[in-house]
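K.L.:
Got a structure for you, written out below as structure tokens; questions coming shortly.
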Amino acid sequence: MPNSKKVDVVVIGSGAGGGVVANELAQAGLSVVVFERGKSYSPADFNHDELNSQYSLPPAYGPSVFPNPRTFRYTDRETAQRVYPGVSEGYGKTAAAVGGGTVAYGAAAWRFKKEDFRMKSTYGSIPGTSVEDWPISYDDLEPFYEKAEYELGVSGLAGADPFAEPRKKPYPVPPLPINPQGEIIRDVGRRIGWHPFPPPFAILTQPYMGRNPCVQCVWCLAHDCEVQAKSGTQVTLLPRAMQSGKCELRNNSFVTRILTDAKGRPNRLEYFDAKHQRQEQFADLIIVACSATESARLLLNSADKFHPKGLGNSSGQVGRNLNDHTGADTFGIFDREIPHDKGPGPSIAFNDWNHPRSREIPGGGYIYNYYCTLPIEFAGTRPPGEALWGKAHKDFQRKYFRRYLHLGSNCQGLPQETNCVDLDPGVRDAWGMPVARITHSWMKVDYQIADYVMGKGEILLKEAGAIKTWRGGNGKGGVGDHQNGTCRMGDDPKTSVVSKYCQSHDVDNLFVADGSVLVTDAGFNPSLTIQAVAYWSADYIKKQWQGGAWRNGKLS
Amino acid sequence: MSNSMDRRDFLKAAGGTVAIASMPAMSAAVQGSLAPGCKFFTVPQAATIEAISEQMIPSDESPGGKAAGVLFYIDGVLAGPFGRFYRTNYEEGLAMIDATSQKQFGGNFASLSSDHQAAILESLQSGHSRRESRHEFFGLLWRHVMEGYYGDPEHGGNRDGASWKMIGFEG
């Protein structure tokens, strides 16, 4: 077979985590093949089009809904129904493309806080949740956060957020300019005793490592970047990995199973190539980085006689603790103009309500002025009681599109063991494999956290002079582009899937490098933490490899 | 709680149809002649869609849904690769709207007075907000009308970028 020549490492998935490990290991001299089910996009594919974005229906940037559906239910008392990302309730918004979710992400590039790694120690056991401490701390990750920031070119202002954890170096590039919305909430926030600062983004504000800075268009969120200022792995880490001469990218290639040798040790992948031909690829080391849903599904679909519950699943924890953020958006309309045509939009944030010192809520989330509002999005944004169509709709759209302020927040969702990915008993994909069945619903405490933060957002809007404010909300459940938690890291092989280095407890040459390993999700966007953890893991892998581990089937 | 027609409402509406998404699309060609410029809608269906789009976004100093070409946007969606998710909804939903219009006011939706048309849509919307499954079509229709009116003209609606001029959106 043409592709059966063994390589040192296979990485399944080219997104935030996969891009990191592929580049790190290729730079260290290991031969790497990256598998990506989606296709490659270039700046030429970019368009200024609200109907062709990651949030449009159908969503741009994949995943293609036809060959690989999923099923969804809120609880295990229901029969899961077939869902299509972007079309159905309960699942959506995760891109499938070279670069994964980082192709069209909002590029917020946060470091978590110390408490985010110690949720159980900070708040105790929270009934109904599976909140745990991480096996690693902020201090463990600090050098790797720094590495991620410098590899990507994260923009920000060190010391500006008084609630941020200590950092050794400044950000490599300065923060995005403060736009008119940011100026308003900065001034009002200061006046009421909050602590405004420019939030960090994996978006360049000056030339950096051969890429150009942001042109401040309004199309950032959910779109590819036309000037490649947004630091997705497809314009940063993957090209560098390729330039090393040690890394090959196989896109349009769908990995269906990890296969094992006669002793039950994983030694190759089964995949279907761009021509839909079944292939195998041998490797010493296998790194799964398909994001929380598909990584869990791949491990479960790789069950064999040696691993009857799924590869790496002796704990029964693969797929469990599926988690995501709740939204805590607030909206205000004004009788004065508030321009929002300086992208990406967010330019001031507050961490006052993320682990508030009062400990009124377990966690919370940061508050920031949201990405630039687009016209269709605004048509769906109305205060309670306001007409959704007719003359009144049109008048509202005309009057308030430029007199409007939207505050966003990604609030910490608390993990539950019963929220999970498993294999649907009836539905199979185009390759004949069982599809992911998602079970997810929120708990009362999740709504309480979001309500608390939305209350703060409304205070800020009212103080800014809004003539009317209102809140967004959360449905019964469902996961999207911040999905995490299905292959948790931990020290105990009975209660976690991977070690603190993201190595399978069961199988020494299997690693996970994506949001699956997150123990809890923090009130922050996850990508920089996924990447810092991947750097931490890659550092361990490199050292082990250089010490002779895994080569030709040798144990680590 | 907000009464906004948010994304989740819409997804709920669309989600009701996906179980039958694999059914072959019924082609307008077998039911009647296509409306001028359309690839999916028949003449009477197109008249209903135009009237609905004009009710939802009436013309005033800027064009309404009809003049902005919302019909052609929705027609393009239904004729396109993802149309399979929605075609049955539209065929059944438009028939349901006409049947309700006949029953309540004695004529097809497009032939009713503006007040009567508005009354039909209001009753559909109130059914939608009560989550009655037979009214889920309203959420889909609403979203598509807004997309057609405020989306990029490249997709067939928002003729001459009229809605963008109206709200001051410069892109």
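Here's how to read the names in the structure tokens: chain A, B, ... by the order shown, residue numbers from 1 in each chain, ligand numbers from 1 in the order shown.
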Please build the interface table for chain A against chain B with a cut-off of 7 Å, listing for each qualifying residue the nearest atom pair and the distance in Å to one decimal; count only C-alpha atoms, order rows by chain and increasing number, and write it as a tab-separated table.

P.N.:
```
residue	atom	partner	partner_atom	distance
A:Asp49	CA	B:Asp152	CA	6.0
A:Glu50	CA	B:Gly151	CA	6.4
A:Leu51	CA	B:Gly151	CA	6.3
A:Pro58	CA	B:Phe82	CA	7.0
A:Arg82	CA	B:Ala19	CA	6.7
A:Val87	CA	B:Leu11	CA	6.0
A:Ser88	CA	B:Gly15	CA	4.5
A:Glu89	CA	B:Leu11	CA	5.0
A:Val218	CA	B:Gly171	CA	6.7
A:Pro375	CA	B:Tyr150	CA	5.8
A:Ile376	CA	B:Tyr150	CA	5.5
A:Ala379	CA	B:Met146	CA	6.8
A:Gly380	CA	B:Met5	CA	5.4
A:Thr381	CA	B:Ser4	CA	6.0
A:Arg382	CA	B:Ser4	CA	5.2
A:Pro383	CA	B:Ser2	CA	6.1
A:Pro384	CA	B:Ser2	CA	4.4
A:Gly385	CA	B:Asn3	CA	6.3
A:Trp389	CA	B:Met56	CA	4.7
A:Gly390	CA	B:Met56	CA	4.4
A:Lys391	CA	B:Pro58	CA	6.0
A:Lys394	CA	B:Ile57	CA	6.4
A:Gln397	CA	B:Ile167	CA	6.7
A:Arg398	CA	B:Ile167	CA	4.7
A:Phe401	CA	B:Ile167	CA	6.2
A:Arg471	CA	B:Ser2	CA	7.0
A:Gly472	CA	B:Ser2	CA	6.9
```

K.L.:
Taking N, CA and C atoms for each residue, export the selection above as a short mmCIF file (atom, residue, chain, number, x, y, z; two decimals), in the first residue's frame.

P.N.:
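The result, written out as out07.cif:
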```
data_model
loop_
_atom_site.label_atom_id
_atom_site.label_comp_id
_atom_site.auth_asym_id
_atom_site.auth_seq_id
_atom_site.Cartn_x
_atom_site.Cartn_y
_atom_site.Cartn_z
N ASP A 49 -19.28 37.90 3.97
CA ASP A 49 -20.61 37.37 3.73
C ASP A 49 -21.16 36.72 5.00
N GLU A 50 -22.18 37.35 5.55
CA GLU A 50 -22.78 36.80 6.78
C GLU A 50 -23.48 35.47 6.51
N LEU A 51 -23.81 35.22 5.25
CA LEU A 51 -24.47 33.96 4.91
C LEU A 51 -23.48 32.86 4.56
N PRO A 58 -26.34 26.65 5.76
CA PRO A 58 -25.38 25.75 6.36
C PRO A 58 -24.09 26.47 6.73
N ARG A 82 -31.24 12.46 15.18
CA ARG A 82 -30.18 12.83 14.26
C ARG A 82 -30.07 14.37 14.18
N VAL A 87 -27.46 23.14 11.74
CA VAL A 87 -28.85 23.11 11.29
C VAL A 87 -29.78 22.76 12.44
N SER A 88 -29.36 21.86 13.30
CA SER A 88 -30.24 21.38 14.36
C SER A 88 -29.82 21.92 15.71
N GLU A 89 -30.74 21.89 16.63
CA GLU A 89 -30.43 22.28 17.99
C GLU A 89 -29.55 21.22 18.64
N VAL A 218 -14.98 44.00 9.99
CA VAL A 218 -16.06 43.60 10.89
C VAL A 218 -16.39 42.10 10.79
N PRO A 375 -25.87 42.51 10.14
CA PRO A 375 -27.29 42.84 9.98
C PRO A 375 -28.28 41.71 10.27
N ILE A 376 -27.99 40.49 9.83
CA ILE A 376 -28.96 39.41 10.08
C ILE A 376 -28.98 39.07 11.56
N ALA A 379 -31.14 41.41 13.35
CA ALA A 379 -32.58 41.20 13.15
C ALA A 379 -33.15 40.23 14.18
N GLY A 380 -32.30 39.38 14.73
CA GLY A 380 -32.75 38.42 15.73
C GLY A 380 -32.51 38.89 17.16
N THR A 381 -32.10 40.13 17.32
CA THR A 381 -31.75 40.65 18.64
C THR A 381 -32.75 41.71 19.04
N ARG A 382 -33.68 41.35 19.88
CA ARG A 382 -34.74 42.27 20.27
C ARG A 382 -35.03 42.13 21.76
N PRO A 383 -35.37 43.25 22.41
CA PRO A 383 -35.79 43.14 23.81
C PRO A 383 -37.14 42.45 23.92
N PRO A 384 -37.47 41.95 25.12
CA PRO A 384 -38.76 41.29 25.31
C PRO A 384 -39.91 42.21 24.91
N GLY A 385 -40.88 41.65 24.21
CA GLY A 385 -42.05 42.43 23.83
C GLY A 385 -41.92 43.18 22.53
N TRP A 389 -41.21 41.33 13.41
CA TRP A 389 -41.40 41.55 11.98
C TRP A 389 -42.42 42.66 11.80
N GLY A 390 -42.60 43.07 10.57
CA GLY A 390 -43.54 44.16 10.29
C GLY A 390 -42.85 45.51 10.36
N LYS A 391 -43.64 46.53 10.30
CA LYS A 391 -43.11 47.91 10.30
C LYS A 391 -42.26 48.19 11.55
N LYS A 394 -38.80 46.80 11.25
CA LYS A 394 -37.97 47.57 10.32
C LYS A 394 -37.51 48.88 10.97
N GLN A 397 -34.76 48.14 13.48
CA GLN A 397 -33.50 47.82 12.79
C GLN A 397 -32.82 49.11 12.32
N ARG A 398 -33.64 49.99 11.75
CA ARG A 398 -33.13 51.25 11.19
C ARG A 398 -32.64 52.18 12.30
N PHE A 401 -29.59 49.91 14.84
CA PHE A 401 -28.42 49.15 14.39
C PHE A 401 -27.13 49.86 14.78
N ARG A 471 -31.38 40.52 28.41
CA ARG A 471 -30.45 39.40 28.52
C ARG A 471 -30.67 38.37 27.42
N GLY A 472 -29.62 37.70 27.06
CA GLY A 472 -29.75 36.51 26.22
C GLY A 472 -30.17 35.35 27.10
#
```

K.L.:
Would you give me, as a short mmCIF file (atom, residue, chain, number, x, y, z; two decimals) with N, CA and C atoms, in the first residue's frame, the residues in range 162-398 of chain A that DSSP reads as strand (DSSP E)?

P.N.:
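To be explicit, this is the file written out as result19.cif:
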```cif
data_model
loop_
_atom_site.label_atom_id
_atom_site.label_comp_id
_atom_site.auth_asym_id
_atom_site.auth_seq_id
_atom_site.Cartn_x
_atom_site.Cartn_y
_atom_site.Cartn_z
N PRO A 196 -11.19 47.71 33.79
CA PRO A 196 -11.13 47.46 32.35
C PRO A 196 -9.70 47.23 31.85
N PHE A 197 -9.60 46.41 30.82
CA PHE A 197 -8.29 46.19 30.19
C PHE A 197 -8.51 45.66 28.78
N CYS A 247 7.10 16.85 8.15
CA CYS A 247 5.66 16.72 8.39
C CYS A 247 4.89 16.70 7.09
N GLU A 248 3.98 15.75 6.98
CA GLU A 248 3.09 15.66 5.82
C GLU A 248 1.66 15.86 6.30
N LEU A 249 0.89 16.64 5.54
CA LEU A 249 -0.52 16.85 5.86
C LEU A 249 -1.37 16.06 4.88
N ARG A 250 -2.24 15.21 5.41
CA ARG A 250 -3.19 14.51 4.53
C ARG A 250 -4.59 15.02 4.84
N PHE A 254 -10.31 10.82 6.36
CA PHE A 254 -11.10 10.58 7.56
C PHE A 254 -10.62 9.32 8.27
N VAL A 255 -10.12 9.49 9.48
CA VAL A 255 -9.63 8.34 10.25
C VAL A 255 -10.81 7.67 10.94
N THR A 256 -10.96 6.39 10.70
CA THR A 256 -12.12 5.68 11.24
C THR A 256 -11.78 4.87 12.49
N ARG A 257 -10.56 4.31 12.56
CA ARG A 257 -10.19 3.50 13.73
C ARG A 257 -8.69 3.55 13.96
N ILE A 258 -8.31 3.36 15.22
CA ILE A 258 -6.92 3.09 15.58
C ILE A 258 -6.84 1.57 15.75
N LEU A 259 -5.90 0.94 15.05
CA LEU A 259 -5.81 -0.53 15.07
C LEU A 259 -4.61 -0.97 15.91
N THR A 260 -4.69 -2.18 16.46
CA THR A 260 -3.63 -2.66 17.35
C THR A 260 -2.92 -3.87 16.76
N PRO A 266 -1.59 -0.27 20.06
CA PRO A 266 -1.92 0.45 18.83
C PRO A 266 -0.68 0.67 17.96
N ASN A 267 -0.81 0.37 16.68
CA ASN A 267 0.35 0.55 15.80
C ASN A 267 0.00 1.17 14.45
N ARG A 268 -1.30 1.43 14.19
CA ARG A 268 -1.64 2.03 12.89
C ARG A 268 -3.06 2.58 12.91
N LEU A 269 -3.32 3.40 11.90
CA LEU A 269 -4.65 3.97 11.72
C LEU A 269 -5.30 3.36 10.50
N GLU A 270 -6.61 3.25 10.56
CA GLU A 270 -7.39 2.96 9.36
C GLU A 270 -8.04 4.28 8.94
N TYR A 271 -7.87 4.64 7.67
CA TYR A 271 -8.51 5.89 7.24
C TYR A 271 -8.96 5.78 5.79
N PHE A 272 -9.83 6.70 5.43
CA PHE A 272 -10.30 6.78 4.05
C PHE A 272 -9.75 8.05 3.44
N ARG A 278 -9.89 3.00 1.31
CA ARG A 278 -9.42 2.61 2.63
C ARG A 278 -7.90 2.46 2.62
N GLN A 279 -7.26 3.04 3.63
CA GLN A 279 -5.81 2.98 3.75
C GLN A 279 -5.43 2.69 5.19
N GLU A 280 -4.18 2.30 5.38
CA GLU A 280 -3.66 2.19 6.74
C GLU A 280 -2.37 2.98 6.84
N GLN A 281 -2.11 3.52 7.99
CA GLN A 281 -0.85 4.23 8.23
C GLN A 281 -0.26 3.74 9.55
N PHE A 282 0.95 3.20 9.48
CA PHE A 282 1.63 2.71 10.68
C PHE A 282 2.40 3.85 11.34
N ALA A 283 2.49 3.81 12.66
CA ALA A 283 3.25 4.81 13.41
C ALA A 283 3.61 4.25 14.78
N ASP A 284 4.69 4.78 15.35
CA ASP A 284 5.06 4.38 16.71
C ASP A 284 4.19 5.08 17.75
N LEU A 285 3.81 6.29 17.43
CA LEU A 285 3.13 7.12 18.40
C LEU A 285 1.86 7.69 17.76
N ILE A 286 0.77 7.65 18.51
CA ILE A 286 -0.52 8.08 17.95
C ILE A 286 -1.08 9.20 18.83
N ILE A 287 -1.35 10.35 18.21
CA ILE A 287 -1.88 11.49 18.96
C ILE A 287 -3.24 11.87 18.39
N VAL A 288 -4.24 11.81 19.26
CA VAL A 288 -5.62 12.08 18.86
C VAL A 288 -5.92 13.53 19.18
N THR A 326 -21.71 28.22 28.97
CA THR A 326 -22.99 28.87 28.75
C THR A 326 -22.71 30.27 28.22
N GLY A 327 -23.69 30.85 27.57
CA GLY A 327 -23.56 32.23 27.13
C GLY A 327 -24.17 33.14 28.18
N THR A 330 -25.53 40.22 27.19
CA THR A 330 -26.50 41.26 27.51
C THR A 330 -26.47 42.31 26.40
N PHE A 331 -27.60 42.99 26.25
CA PHE A 331 -27.78 43.89 25.13
C PHE A 331 -28.36 45.21 25.61
N GLY A 332 -27.95 46.30 24.98
CA GLY A 332 -28.53 47.59 25.33
C GLY A 332 -28.71 48.45 24.09
N ILE A 333 -29.80 49.22 24.07
CA ILE A 333 -29.99 50.20 23.00
C ILE A 333 -29.89 51.60 23.59
N ALA A 349 -12.28 44.36 28.21
CA ALA A 349 -12.87 43.25 28.97
C ALA A 349 -12.74 43.54 30.46
N PHE A 350 -13.52 42.76 31.23
CA PHE A 350 -13.48 42.84 32.70
C PHE A 350 -13.42 41.44 33.25
N ILE A 367 -16.39 39.58 30.99
CA ILE A 367 -17.36 40.36 30.22
C ILE A 367 -16.58 41.22 29.24
N TYR A 368 -17.05 41.35 28.02
CA TYR A 368 -16.34 42.14 27.01
C TYR A 368 -17.33 42.69 26.00
N ASN A 369 -16.92 43.74 25.29
CA ASN A 369 -17.78 44.20 24.20
C ASN A 369 -17.61 43.22 23.04
#
```

K.L.:
If you run DSSP on the backbone, which residues of range 12-166 of chain B are helix (DSSP H, G or I), as an MDAnalysis selection string?

P.N.:
chainID B and resid 12:15 18:20 28:31 43:56 70:79 83:85 87:105 109:111 114:129 133:135 137:150 153:155 159:166

K.L.:
Give me the residues near Asp521 in chain A as JSON, numbers by chain, where near means some atom within 8 Å (using only C-alpha atoms) and where sequence neighbours in that chain fewer than 6 positions away do not count.

P.N.:
{"A": [116, 323, 324, 325, 412, 413, 414, 484, 485]}
